[in-house]
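Structure file entry.txt (compact mmCIF, C-alpha atoms) follows.
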# COMPACT_ATOMS: atom_id res chain seq x y z
CA MET J 1 -33.28 8.61 7.98
CA LEU J 2 -29.70 7.44 7.69
CA ASP J 3 -26.97 9.19 5.75
CA VAL J 4 -24.02 7.28 4.33
CA ILE J 5 -21.98 7.31 7.56
CA ASP J 6 -24.95 6.24 9.65
CA PHE J 7 -25.73 3.55 7.11
CA MET J 8 -22.22 2.10 7.26
CA GLU J 9 -22.27 2.18 11.06
CA ARG J 10 -25.49 0.20 10.96
CA MET J 11 -24.09 -2.13 8.31
CA GLY J 12 -20.92 -2.76 10.31
CA GLY J 13 -22.89 -3.71 13.39
CA ASP J 14 -25.80 -5.62 11.86
CA ALA J 15 -25.33 -9.38 11.43
CA GLN J 16 -27.68 -9.61 8.46
CA LEU J 17 -26.74 -6.38 6.72
CA SER J 18 -23.02 -6.98 7.04
CA GLN J 19 -23.46 -10.16 5.01
CA ALA J 20 -26.14 -8.79 2.67
CA SER J 21 -26.37 -9.64 -1.01
CA PRO J 22 -26.36 -6.74 -3.50
CA ASP J 23 -30.17 -6.96 -3.75
CA GLU J 24 -30.61 -6.92 0.02
CA LEU J 25 -28.19 -4.00 0.29
CA ALA J 26 -30.08 -2.09 -2.39
CA THR J 27 -33.35 -2.67 -0.53
CA ALA J 28 -31.86 -1.41 2.73
CA LEU J 29 -30.44 1.65 0.97
CA ALA J 30 -33.85 2.52 -0.45
CA ASP J 31 -34.96 3.57 3.03
CA SER J 32 -31.95 5.81 3.59
CA GLU J 33 -30.84 9.32 2.74
CA VAL J 34 -27.76 8.03 0.94
CA THR J 35 -27.35 9.86 -2.37
CA PRO J 36 -27.60 7.93 -5.66
CA GLU J 37 -23.85 8.32 -6.30
CA GLN J 38 -23.02 7.10 -2.82
CA ARG J 39 -25.42 4.20 -3.23
CA ALA J 40 -23.64 3.20 -6.42
CA ALA J 41 -20.29 3.27 -4.62
CA LEU J 42 -21.67 1.25 -1.71
CA LEU J 43 -23.19 -1.35 -4.00
CA ALA J 44 -19.96 -1.56 -5.98
CA ARG J 45 -18.09 -1.88 -2.65
CA ASP J 46 -15.82 0.88 -3.95
CA ALA J 47 -14.32 2.38 -0.80
CA GLU J 48 -12.01 4.75 -2.64
CA ARG J 49 -14.89 6.24 -4.66
CA LEU J 50 -16.98 6.56 -1.54
CA GLY J 51 -14.20 8.42 0.24
CA LYS J 52 -14.00 10.92 -2.59
CA LEU J 53 -17.77 11.39 -2.61
CA VAL J 54 -17.91 12.23 1.07
CA GLY J 55 -14.93 14.53 0.70
CA THR J 56 -12.40 12.93 2.99
CA PRO J 57 -8.78 13.94 2.49
CA PRO J 58 -5.95 11.46 2.03
CA VAL J 59 -4.87 9.84 5.23
CA CYS J 60 -1.39 8.93 6.43
CA ILE J 61 -0.86 5.87 8.51
CA MET J 62 1.18 5.29 11.59
CA VAL J 63 4.25 3.17 11.02
CA ALA J 64 5.94 1.75 14.07
CA PRO J 65 9.73 2.10 14.27
CA PRO J 66 11.40 -1.24 13.57
CA GLY J 67 13.00 -1.49 16.96
CA PRO J 68 12.11 -1.93 20.59
CA PRO J 69 10.18 0.90 22.30
CA GLY J 70 12.36 3.90 22.87
CA THR J 71 14.64 3.29 19.93
CA GLY J 72 14.81 5.15 16.69
CA PRO J 73 14.19 3.94 13.17
CA SER J 74 17.63 2.44 12.71
CA PRO J 75 19.58 0.39 15.22
CA MET J 76 22.08 3.17 15.87
CA GLN J 77 19.65 6.04 16.40
CA PRO J 78 18.00 6.64 19.76
CA ALA J 79 14.54 8.17 19.74
CA VAL J 80 14.85 11.73 20.96
CA PRO J 81 12.32 14.53 20.72
CA PRO J 82 12.91 16.99 17.88
CA PRO J 83 14.24 20.43 18.80
CA PRO J 84 11.59 23.08 19.44
CA PRO J 85 10.75 25.31 16.45
CA GLU J 86 12.65 28.60 16.24
CA GLU J 87 10.75 31.56 17.60
CA GLY J 88 9.17 33.71 14.95
CA GLY J 89 9.57 30.98 12.38
CA GLU J 90 6.81 30.67 9.88
CA GLU J 91 4.44 27.79 10.46
CA GLU J 92 4.88 25.22 7.74
CA ALA J 93 1.67 24.09 6.15
CA PRO J 94 0.86 20.43 6.54
CA THR J 95 1.52 18.49 3.40
CA ASP J 96 -0.86 16.11 1.83
CA CYS J 97 0.55 12.63 2.26
CA ALA J 98 -0.52 11.59 -1.21
CA GLU J 99 1.78 14.20 -2.68
CA HIS J 100 4.80 12.84 -0.90
CA ASP J 101 7.65 11.53 -2.96
CA GLY J 102 7.43 7.85 -3.54
CA ALA J 103 3.86 7.72 -2.37
CA ALA J 104 2.67 5.86 -5.42
CA GLU J 105 2.12 2.72 -3.45
CA GLY J 106 1.72 4.47 -0.15
CA PRO J 107 -0.95 6.64 1.30
CA SER J 108 -3.76 6.87 -1.10
CA HIS J 109 -7.10 8.44 -0.61
CA ARG J 110 -7.55 6.13 2.31
CA ARG J 111 -5.23 5.32 5.08
CA GLU J 112 -3.70 1.96 4.94
CA PRO J 113 -4.25 0.22 8.19
CA LEU J 114 -1.49 -1.76 9.36
CA SER J 115 -1.18 -3.82 12.11
CA ALA J 116 -2.72 -2.44 14.96
CA MET X 1 2.55 21.77 39.12
CA ASP X 2 1.42 18.88 41.28
CA ALA X 3 0.31 16.59 38.50
CA ALA X 4 -0.76 13.92 40.98
CA ARG X 5 -3.62 16.19 42.08
CA SER X 6 -4.51 17.35 38.61
CA PRO X 7 -7.67 16.09 36.96
CA GLY X 8 -5.80 15.71 33.70
CA SER X 9 -5.83 12.16 32.38
CA LEU X 10 -5.14 10.18 29.24
CA VAL X 11 -6.72 7.06 27.83
CA CYS X 12 -5.82 5.54 24.49
CA VAL X 13 -8.49 3.39 22.86
CA GLY X 14 -8.88 1.45 19.64
CA LEU X 15 -11.71 1.82 17.15
CA GLY X 16 -11.03 -1.62 15.75
CA MET X 17 -10.43 -2.20 12.06
CA THR X 18 -13.88 -2.01 10.51
CA LEU X 19 -16.27 0.94 10.82
CA GLY X 20 -19.25 0.08 12.98
CA ALA X 21 -18.14 -3.49 13.63
CA HIS X 22 -15.43 -3.46 16.27
CA LEU X 23 -15.80 -0.49 18.61
CA GLY X 24 -16.43 -1.76 22.13
CA PRO X 25 -18.75 -0.13 24.66
CA LEU X 26 -15.97 0.89 27.02
CA ALA X 27 -13.91 2.56 24.30
CA ARG X 28 -17.00 4.39 23.05
CA SER X 29 -17.73 5.56 26.57
CA HIS X 30 -14.20 6.92 26.96
CA ILE X 31 -14.61 8.82 23.70
CA GLU X 32 -17.97 10.27 24.68
CA GLN X 33 -16.88 11.27 28.18
CA ALA X 34 -13.55 12.88 27.24
CA ASP X 35 -13.00 16.62 27.18
CA VAL X 36 -10.80 16.35 24.10
CA VAL X 37 -10.43 13.55 21.57
CA PHE X 38 -7.35 13.09 19.37
CA ALA X 39 -7.59 10.75 16.40
CA ALA X 40 -5.14 8.80 14.24
CA LEU X 41 -7.36 6.61 12.10
CA SER X 42 -7.26 4.30 9.16
CA ASP X 43 -9.56 6.09 6.82
CA GLY X 44 -11.05 9.52 6.31
CA VAL X 45 -14.54 8.03 6.33
CA VAL X 46 -13.85 6.46 9.70
CA GLU X 47 -12.74 9.86 10.97
CA LEU X 48 -16.11 11.30 9.88
CA TRP X 49 -17.77 8.56 11.92
CA LEU X 50 -15.70 9.43 14.99
CA ASN X 51 -16.59 13.11 14.60
CA ARG X 52 -20.19 12.16 15.37
CA MET X 53 -19.25 10.74 18.75
CA HIS X 54 -17.69 13.91 20.17
CA ALA X 55 -17.82 17.63 19.48
CA ASP X 56 -14.05 18.17 19.85
CA VAL X 57 -12.25 15.58 17.76
CA ARG X 58 -8.78 16.74 16.70
CA SER X 59 -7.19 14.81 13.88
CA LEU X 60 -3.51 14.04 14.25
CA GLN X 61 -3.17 13.93 10.46
CA PRO X 62 -1.87 17.54 10.11
CA TYR X 63 1.27 16.56 12.00
CA TYR X 64 2.49 14.58 9.01
CA ARG X 65 4.80 16.75 6.92
CA GLU X 66 6.51 16.03 3.68
CA GLY X 67 10.12 14.97 4.06
CA SER X 68 10.20 15.05 7.84
CA SER X 69 10.94 12.03 9.96
CA ARG X 70 7.95 10.11 11.20
CA MET X 71 9.60 10.07 14.59
CA ASP X 72 9.42 13.88 14.73
CA THR X 73 5.78 13.64 13.67
CA TYR X 74 5.08 11.11 16.39
CA TRP X 75 6.80 13.21 19.06
CA ASN X 76 4.64 16.15 18.03
CA MET X 77 1.51 13.99 18.31
CA VAL X 78 2.55 12.94 21.80
CA GLY X 79 3.20 16.58 22.69
CA ALA X 80 -0.21 17.69 21.45
CA MET X 81 -2.01 15.13 23.61
CA LEU X 82 0.12 15.78 26.69
CA ALA X 83 -0.42 19.53 26.45
CA GLU X 84 -4.14 18.98 27.00
CA VAL X 85 -3.50 16.51 29.81
CA ARG X 86 -1.29 19.07 31.53
CA ALA X 87 -4.09 21.62 31.08
CA GLY X 88 -6.27 19.39 33.24
CA LYS X 89 -8.36 17.86 30.46
CA ARG X 90 -9.61 14.31 30.21
CA VAL X 91 -7.93 13.33 26.95
CA CYS X 92 -8.85 10.34 24.80
CA GLY X 93 -6.51 9.24 22.01
CA VAL X 94 -8.35 7.18 19.42
CA PHE X 95 -6.35 4.92 17.14
CA TYR X 96 -7.34 2.42 14.46
CA GLY X 97 -7.21 -1.23 15.38
CA HIS X 98 -5.56 -1.81 18.74
CA PRO X 99 -3.91 1.29 20.20
CA GLY X 100 -0.97 -0.68 21.52
CA VAL X 101 -0.05 -2.81 18.51
CA PHE X 102 2.56 -1.37 16.14
CA ALA X 103 1.73 2.06 17.52
CA TRP X 104 4.53 4.05 19.11
CA VAL X 105 2.54 7.21 19.93
CA PRO X 106 0.00 5.76 22.39
CA HIS X 107 2.66 3.86 24.34
CA LYS X 108 4.95 6.88 24.57
CA ALA X 109 2.12 9.27 25.49
CA ILE X 110 0.93 6.99 28.30
CA GLU X 111 4.47 6.47 29.56
CA MET X 112 5.18 10.21 29.68
CA ALA X 113 1.82 11.08 31.25
CA ARG X 114 2.43 8.52 34.00
CA ASP X 115 5.96 9.82 34.55
CA GLU X 116 4.43 13.24 35.16
CA GLY X 117 1.96 11.82 37.67
CA TYR X 118 -1.19 11.78 35.56
CA HIS X 119 -3.54 8.86 35.32
CA ALA X 120 -3.05 7.22 31.95
CA HIS X 121 -4.03 3.85 30.56
CA MET X 122 -4.90 1.92 27.42
CA GLU X 123 -8.01 0.02 26.41
CA PRO X 124 -7.50 -2.76 23.85
CA GLY X 125 -9.15 -2.85 20.46
CA VAL X 126 -9.69 -5.32 17.63
CA SER X 127 -6.43 -5.39 15.69
CA ALA X 128 -5.52 -6.39 12.16
CA GLU X 129 -3.95 -9.47 13.70
CA ASP X 130 -7.33 -10.46 15.14
CA CYS X 131 -8.99 -9.96 11.75
CA LEU X 132 -6.23 -11.95 10.08
CA TYR X 133 -6.90 -15.04 12.18
CA ALA X 134 -10.60 -14.90 11.32
CA ASP X 135 -10.25 -14.09 7.62
CA LEU X 136 -7.44 -16.57 6.91
CA GLY X 137 -8.69 -19.31 9.21
CA ILE X 138 -5.44 -19.47 11.16
CA ASP X 139 -5.26 -20.60 14.76
CA PRO X 140 -1.93 -19.45 16.21
CA GLY X 141 -2.14 -22.30 18.69
CA ALA X 142 -1.90 -24.94 15.99
CA TYR X 143 1.67 -24.39 14.82
CA GLY X 144 2.74 -21.28 16.68
CA CYS X 145 2.92 -17.84 15.13
CA GLN X 146 5.81 -15.41 14.90
CA HIS X 147 5.26 -11.71 14.31
CA PHE X 148 7.96 -9.36 13.11
CA GLU X 149 8.13 -5.83 11.87
CA ALA X 150 9.54 -6.54 8.40
CA SER X 151 12.48 -4.11 8.54
CA GLN X 152 13.56 -5.63 11.82
CA LEU X 153 14.37 -8.82 9.90
CA LEU X 154 16.75 -6.80 7.74
CA PHE X 155 18.30 -4.54 10.38
CA TYR X 156 18.87 -7.24 12.96
CA GLN X 157 19.90 -10.87 12.94
CA ARG X 158 16.70 -12.64 13.92
CA ARG X 159 16.04 -16.37 14.11
CA LEU X 160 12.98 -17.65 12.28
CA ASP X 161 11.17 -20.91 12.94
CA PRO X 162 9.82 -22.21 9.61
CA THR X 163 7.66 -24.81 11.40
CA ALA X 164 5.41 -22.00 12.65
CA TYR X 165 3.46 -19.25 10.89
CA LEU X 166 5.37 -16.08 10.20
CA VAL X 167 3.52 -12.76 10.00
CA LEU X 168 5.41 -9.77 8.64
CA TRP X 169 4.08 -6.26 9.28
CA GLN X 170 4.85 -3.03 7.45
CA VAL X 171 6.27 -4.81 4.40
CA GLY X 172 5.26 -1.80 2.27
CA VAL X 173 8.06 0.24 3.82
CA VAL X 174 10.52 -2.59 4.41
CA GLY X 175 14.13 -1.48 4.60
CA ASP X 176 13.42 2.24 5.13
CA GLN X 177 16.03 3.47 7.60
CA SER X 178 15.01 7.11 7.33
CA MET X 179 11.45 6.83 8.63
CA THR X 180 10.49 9.48 6.07
CA ARG X 181 9.11 7.33 3.26
CA PHE X 182 5.61 6.10 2.51
CA SER X 183 6.77 3.15 0.44
CA THR X 184 9.87 1.29 -0.61
CA ASN X 185 10.25 -0.38 -3.96
CA ALA X 186 10.75 -3.91 -5.26
CA ALA X 187 14.51 -3.78 -4.73
CA TYR X 188 13.98 -3.39 -0.99
CA ARG X 189 11.42 -6.20 -0.96
CA GLN X 190 13.94 -8.36 -2.85
CA VAL X 191 16.34 -7.96 0.08
CA LEU X 192 13.54 -9.23 2.31
CA VAL X 193 12.94 -12.16 -0.04
CA ASP X 194 16.65 -12.99 0.05
CA VAL X 195 16.64 -12.99 3.86
CA LEU X 196 13.51 -15.16 3.96
CA ALA X 197 15.03 -17.53 1.40
CA ARG X 198 17.53 -18.60 4.07
CA ASP X 199 14.64 -20.45 5.73
CA TYR X 200 11.94 -20.83 3.07
CA PRO X 201 11.99 -22.18 -0.52
CA LEU X 202 11.23 -19.57 -3.18
CA ASP X 203 8.21 -21.57 -4.35
CA HIS X 204 6.69 -21.56 -0.86
CA GLU X 205 3.26 -19.94 -0.59
CA VAL X 206 2.94 -16.53 1.01
CA ILE X 207 -0.32 -14.67 1.62
CA ILE X 208 -0.76 -10.94 1.14
CA TYR X 209 -3.48 -9.77 3.52
CA ARG X 210 -5.30 -6.53 4.25
CA ALA X 211 -8.22 -6.22 6.65
CA ALA X 212 -11.40 -4.39 5.66
CA THR X 213 -11.74 -0.89 7.09
CA LEU X 214 -15.24 -0.18 5.78
CA PRO X 215 -18.10 -2.67 6.09
CA ILE X 216 -18.61 -2.57 2.31
CA GLU X 217 -15.11 -3.91 1.76
CA ARG X 218 -13.82 -7.45 1.65
CA PRO X 219 -10.37 -8.30 3.01
CA ARG X 220 -7.58 -8.66 0.47
CA ILE X 221 -6.32 -12.22 0.46
CA GLU X 222 -3.83 -12.96 -2.31
CA ARG X 223 -1.71 -16.06 -2.44
CA ILE X 224 1.61 -15.96 -4.32
CA VAL X 225 4.97 -17.69 -4.07
CA LEU X 226 7.79 -16.19 -2.03
CA GLY X 227 9.88 -15.61 -5.16
CA ALA X 228 7.17 -13.26 -6.51
CA LEU X 229 6.91 -11.14 -3.36
CA ALA X 230 9.31 -8.43 -4.51
CA GLN X 231 7.20 -7.67 -7.60
CA ALA X 232 3.83 -7.85 -5.82
CA LYS X 233 1.80 -4.71 -5.14
CA ILE X 234 2.16 -4.15 -1.42
CA GLY X 235 1.08 -0.94 0.24
CA MET X 236 1.43 0.16 3.82
CA ALA X 237 -1.80 -1.59 4.72
CA GLU X 238 -0.72 -5.02 3.65
CA THR X 239 0.58 -7.76 5.87
CA VAL X 240 2.43 -10.82 4.62
CA VAL X 241 1.68 -14.21 6.13
CA ILE X 242 3.98 -17.16 5.55
CA PRO X 243 2.59 -20.59 6.46
CA PRO X 244 4.85 -23.24 7.99
CA ALA X 245 7.34 -24.70 5.54
CA ARG X 246 8.38 -27.74 7.52
CA PRO X 247 6.70 -30.12 9.98
CA MET X 248 7.47 -29.75 13.66
CA GLN X 249 10.14 -32.16 14.91
CA ALA X 250 9.51 -34.16 18.06
CA ASP X 251 12.02 -33.73 20.89
CA PRO X 252 12.66 -37.30 22.15
CA GLU X 253 14.92 -36.21 25.00
CA ILE X 254 12.33 -33.89 26.52
CA LEU X 255 9.53 -36.37 25.88
CA ALA X 256 11.51 -39.01 27.76
CA ARG X 257 11.91 -36.64 30.70
CA LEU X 258 8.17 -35.95 30.71
CA ASP X 259 7.46 -39.71 30.57
CA ALA X 260 9.68 -40.20 33.59
CA LEU X 261 7.83 -37.43 35.44
CA ASP X 262 4.51 -39.04 34.51
CA ARG X 263 5.68 -42.34 35.94
CA ALA X 264 6.90 -40.62 39.09
CA VAL X 265 3.48 -39.07 39.73
CA GLY X 266 1.70 -42.30 38.82
CA MET X 267 0.26 -41.22 35.50
CA ALA X 268 0.29 -43.50 32.49
CA SER X 269 1.50 -41.75 29.34

Do you think you could lay out the structure here as structure tokens?
Amino acid sequence: MLDVIDFMERMGGDAQLSQASPDELATALADSEVTPEQRAALLARDAERLGKLVGTPPVCIMVAPPGPPGTGPSPMQPAVPPPPPEEGGEEEAPTDCAEHDGAAEGPSHRREPLSA
Amino acid sequence: MDAARSPGSLVCVGLGMTLGAHLGPLARSHIEQADVVFAALSDGVVELWLNRMHADVRSLQPYYREGSSRMDTYWNMVGAMLAEVRAGKRVCGVFYGHPGVFAWVPHKAIEMARDEGYHAHMEPGVSAEDCLYADLGIDPGAYGCQHFEASQLLFYQRRLDPTAYLVLWQVGVVGDQSMTRFSTNAAYRQVLVDVLARDYPLDHEVIIYRAATLPIERPRIERIVLGALAQAKIGMAETVVIPPARPMQADPEILARLDALDRAVGMAS
């Protein structure tokens, strides 16, 4: 039996299922272990809701510096490694991207794929 | 340490853009056969999927810290991967889309690993650019296609060709010189519009595009006019595509030279 991740893997790689109508999708989901709430999100094609249901944290995305490789973010700044942390310094806890200032349009529950 | 004799190695692979749809067999094999897998992906759900392919998948997400420069974050990501390479592990870095397109970390990590004598290489993946051609029905061979990181158009004096397609990446953070922000506002996008208006009329069509990352999603394809771009909702995922604004102009001088060459080799034009 497929859970929601297995189901999406199958859906992504199946010619018929990837183009399925809502009825066909509902039929395929009936044979899975996808929970009713997850099924509703899948059928509504609501990726943000689905992410919350499976408990994934917000995701930051990689943004390439706007210069040639080896340069920093602005034309005048070379890319150099940051200094090593001071010994004995307290480890700073990672910060949720979604809480970052000005993130209203930025990282949401899902990463925002760029280019790549 | 004689790195040339060390078993440590690095490969950077792409998962493609859409869960389950784009991962190639070679990239999957690299993931499955690695000792350690590092991941910088497009979506938390996609990361859950990757976790099923290997028992030791280490997300690079915790390296992002509020207020710190992305470049520092990226250096730390490179350092984390190289530490395992130096420890003799077979390391696989997994990135969304194509690991070498608008992705500083994989290129830098491979460069540094090679400099230290380790085997390091990249396997291509399906990028947002690839999805864009399919979803928008664009053939870059028809009119030509220029790609620019959006801020580069503001920081540098670039020459655009309005007879070809123009694809602008990272418009959601256009104009950010600090590399610490997750978005820039309409005022920054207005500067971009003003730069583009040197070559394109404000009523010219532009397309806001975002590829699907889950198979339940549809790509975002929204057509607006250039003059409305500053006020449009554009996140970090969105790409802006500008179709040609003018027809290509024939080059009679070069065509005449080619005709002369054709005659010289006995070919009728």

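CA of Pro162 (chain X) to CA of Phe102 (chain X) spans 23.0 Å [interatomic distance, one decimal].
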
Could you give me, as a Markdown table, a per-residue list for chain X showing, wherever an atom lies at most 6 Å from an atom of chain J, the closest pair of atoms and their distance in Å to one decimal, using all atoms listed in the file and sorting by chain then residue number from low to high?
| residue | atom | partner | partner_atom | distance |
| --- | --- | --- | --- | --- |
| X:Leu19 | CA | J:Gly12 | CA | 6.0 |
| X:Gly20 | CA | J:Glu9 | CA | 4.1 |
| X:Ala21 | CA | J:Gly12 | CA | 4.4 |
| X:Ser42 | CA | J:Arg111 | CA | 4.7 |
| X:Asp43 | CA | J:Arg111 | CA | 4.7 |
| X:Gly44 | CA | J:Thr56 | CA | 4.9 |
| X:Pro62 | CA | J:Pro94 | CA | 5.3 |
| X:Arg65 | CA | J:Thr95 | CA | 5.1 |
| X:Glu66 | CA | J:Thr95 | CA | 5.6 |
| X:Asp72 | CA | J:Pro82 | CA | 5.6 |
| X:Trp75 | CA | J:Pro81 | CA | 5.9 |
| X:Gly97 | CA | J:Ala116 | CA | 4.7 |
| X:His98 | CA | J:Ala116 | CA | 4.8 |
| X:Val101 | CA | J:Ala116 | CA | 4.5 |
| X:Phe102 | CA | J:Ala64 | CA | 5.0 |
| X:Ala103 | CA | J:Ala64 | CA | 5.5 |
| X:Trp104 | CA | J:Ala64 | CA | 5.7 |
| X:Ser127 | CA | J:Ala116 | CA | 4.8 |
| X:Ala128 | CA | J:Ser115 | CA | 5.0 |
| X:Glu149 | CA | J:Pro66 | CA | 5.9 |
| X:Ser151 | CA | J:Pro66 | CA | 5.9 |
| X:Gln152 | CA | J:Pro66 | CA | 5.2 |
| X:Gln177 | CA | J:Ser74 | CA | 5.5 |
| X:Phe182 | CA | J:Gly106 | CA | 5.0 |
| X:Ser183 | CA | J:Gly106 | CA | 5.3 |
| X:Pro215 | CA | J:Gly12 | CA | 5.1 |
| X:Ile216 | CA | J:Arg45 | CA | 5.0 |
| X:Glu217 | CA | J:Arg45 | CA | 5.7 |
| X:Gly235 | CA | J:Glu105 | CA | 5.3 |
| X:Met236 | CA | J:Glu112 | CA | 5.6 |
| X:Ala237 | CA | J:Glu112 | CA | 4.0 |

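From CA of Gly175 (chain X) back to CA of Phe155 (chain X), the distance works out to 7.8 Å.
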
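Distances here use only C-alpha atoms; by that measure, the residue among X:Val206, X:Val171, X:Leu41, X:Leu26 closest to Phe95 (chain X) is X:Leu41.
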
Taking all atoms of region 192-195 of chain X that appear in the file, build a box with edges along x, y and z, extend it by 3 Å on every side, and state its centre and edge lengths in Å to one decimal, as lines of an AutoDock Vina configuration file.
center_x = 14.8
center_y = -11.1
center_z = 1.9
size_x = 9.7
size_y = 9.8
size_z = 9.9

Correct to one decimal, the distance CA of Gly8 (chain X)-CA of Ala120 (chain X) is 9.1 Å

Missing atoms in region 70-90 of chain X should be modelled up to N, CA and C atoms and reported as a PDB file, in the coordinates of the input.
ATOM      1  N   ARG X  70       9.159  10.522  10.477  1.00  0.00           N
ATOM      2  CA  ARG X  70       7.950  10.110  11.200  1.00  0.00           C
ATOM      3  C   ARG X  70       8.146  10.231  12.707  1.00  0.00           C
ATOM      4  N   MET X  71       9.375   9.991  13.149  1.00  0.00           N
ATOM      5  CA  MET X  71       9.600  10.070  14.590  1.00  0.00           C
ATOM      6  C   MET X  71       9.331  11.483  15.097  1.00  0.00           C
ATOM      7  N   ASP X  72       9.735  12.497  14.322  1.00  0.00           N
ATOM      8  CA  ASP X  72       9.420  13.880  14.730  1.00  0.00           C
ATOM      9  C   ASP X  72       7.914  14.081  14.749  1.00  0.00           C
ATOM     10  N   THR X  73       7.247  13.547  13.733  1.00  0.00           N
ATOM     11  CA  THR X  73       5.780  13.640  13.670  1.00  0.00           C
ATOM     12  C   THR X  73       5.163  13.001  14.915  1.00  0.00           C
ATOM     13  N   TYR X  74       5.664  11.834  15.261  1.00  0.00           N
ATOM     14  CA  TYR X  74       5.080  11.110  16.390  1.00  0.00           C
ATOM     15  C   TYR X  74       5.330  11.853  17.713  1.00  0.00           C
ATOM     16  N   TRP X  75       6.530  12.422  17.842  1.00  0.00           N
ATOM     17  CA  TRP X  75       6.800  13.210  19.060  1.00  0.00           C
ATOM     18  C   TRP X  75       5.836  14.379  19.156  1.00  0.00           C
ATOM     19  N   ASN X  76       5.564  15.014  18.014  1.00  0.00           N
ATOM     20  CA  ASN X  76       4.640  16.150  18.030  1.00  0.00           C
ATOM     21  C   ASN X  76       3.222  15.709  18.391  1.00  0.00           C
ATOM     22  N   MET X  77       2.837  14.521  17.929  1.00  0.00           N
ATOM     23  CA  MET X  77       1.510  13.990  18.310  1.00  0.00           C
ATOM     24  C   MET X  77       1.440  13.768  19.821  1.00  0.00           C
ATOM     25  N   VAL X  78       2.504  13.168  20.354  1.00  0.00           N
ATOM     26  CA  VAL X  78       2.550  12.940  21.800  1.00  0.00           C
ATOM     27  C   VAL X  78       2.459  14.276  22.534  1.00  0.00           C
ATOM     28  N   GLY X  79       3.203  15.269  22.050  1.00  0.00           N
ATOM     29  CA  GLY X  79       3.200  16.580  22.690  1.00  0.00           C
ATOM     30  C   GLY X  79       1.832  17.233  22.664  1.00  0.00           C
ATOM     31  N   ALA X  80       1.121  17.078  21.561  1.00  0.00           N
ATOM     32  CA  ALA X  80      -0.210  17.690  21.450  1.00  0.00           C
ATOM     33  C   ALA X  80      -1.169  17.090  22.481  1.00  0.00           C
ATOM     34  N   MET X  81      -1.113  15.781  22.644  1.00  0.00           N
ATOM     35  CA  MET X  81      -2.010  15.130  23.610  1.00  0.00           C
ATOM     36  C   MET X  81      -1.631  15.496  25.038  1.00  0.00           C
ATOM     37  N   LEU X  82      -0.312  15.490  25.324  1.00  0.00           N
ATOM     38  CA  LEU X  82       0.120  15.780  26.690  1.00  0.00           C
ATOM     39  C   LEU X  82      -0.157  17.222  27.085  1.00  0.00           C
ATOM     40  N   ALA X  83      -0.133  18.129  26.120  1.00  0.00           N
ATOM     41  CA  ALA X  83      -0.420  19.530  26.450  1.00  0.00           C
ATOM     42  C   ALA X  83      -1.824  19.663  27.036  1.00  0.00           C
ATOM     43  N   GLU X  84      -2.768  18.919  26.491  1.00  0.00           N
ATOM     44  CA  GLU X  84      -4.140  18.980  27.000  1.00  0.00           C
ATOM     45  C   GLU X  84      -4.271  18.257  28.346  1.00  0.00           C
ATOM     46  N   VAL X  85      -3.503  17.188  28.498  1.00  0.00           N
ATOM     47  CA  VAL X  85      -3.500  16.510  29.810  1.00  0.00           C
ATOM     48  C   VAL X  85      -2.993  17.457  30.883  1.00  0.00           C
ATOM     49  N   ARG X  86      -1.885  18.132  30.548  1.00  0.00           N
ATOM     50  CA  ARG X  86      -1.290  19.070  31.530  1.00  0.00           C
ATOM     51  C   ARG X  86      -2.242  20.228  31.818  1.00  0.00           C
ATOM     52  N   ALA X  87      -3.116  20.539  30.882  1.00  0.00           N
ATOM     53  CA  ALA X  87      -4.090  21.620  31.080  1.00  0.00           C
ATOM     54  C   ALA X  87      -5.292  21.151  31.898  1.00  0.00           C
ATOM     55  N   GLY X  88      -5.219  19.895  32.360  1.00  0.00           N
ATOM     56  CA  GLY X  88      -6.270  19.390  33.240  1.00  0.00           C
ATOM     57  C   GLY X  88      -7.421  18.721  32.528  1.00  0.00           C
ATOM     58  N   LYS X  89      -7.258  18.457  31.224  1.00  0.00           N
ATOM     59  CA  LYS X  89      -8.360  17.860  30.460  1.00  0.00           C
ATOM     60  C   LYS X  89      -8.334  16.328  30.553  1.00  0.00           C
ATOM     61  N   ARG X  90      -9.523  15.768  30.394  1.00  0.00           N
ATOM     62  CA  ARG X  90      -9.610  14.310  30.210  1.00  0.00           C
ATOM     63  C   ARG X  90      -9.425  14.064  28.719  1.00  0.00           C
TER      64      ARG X  90
END
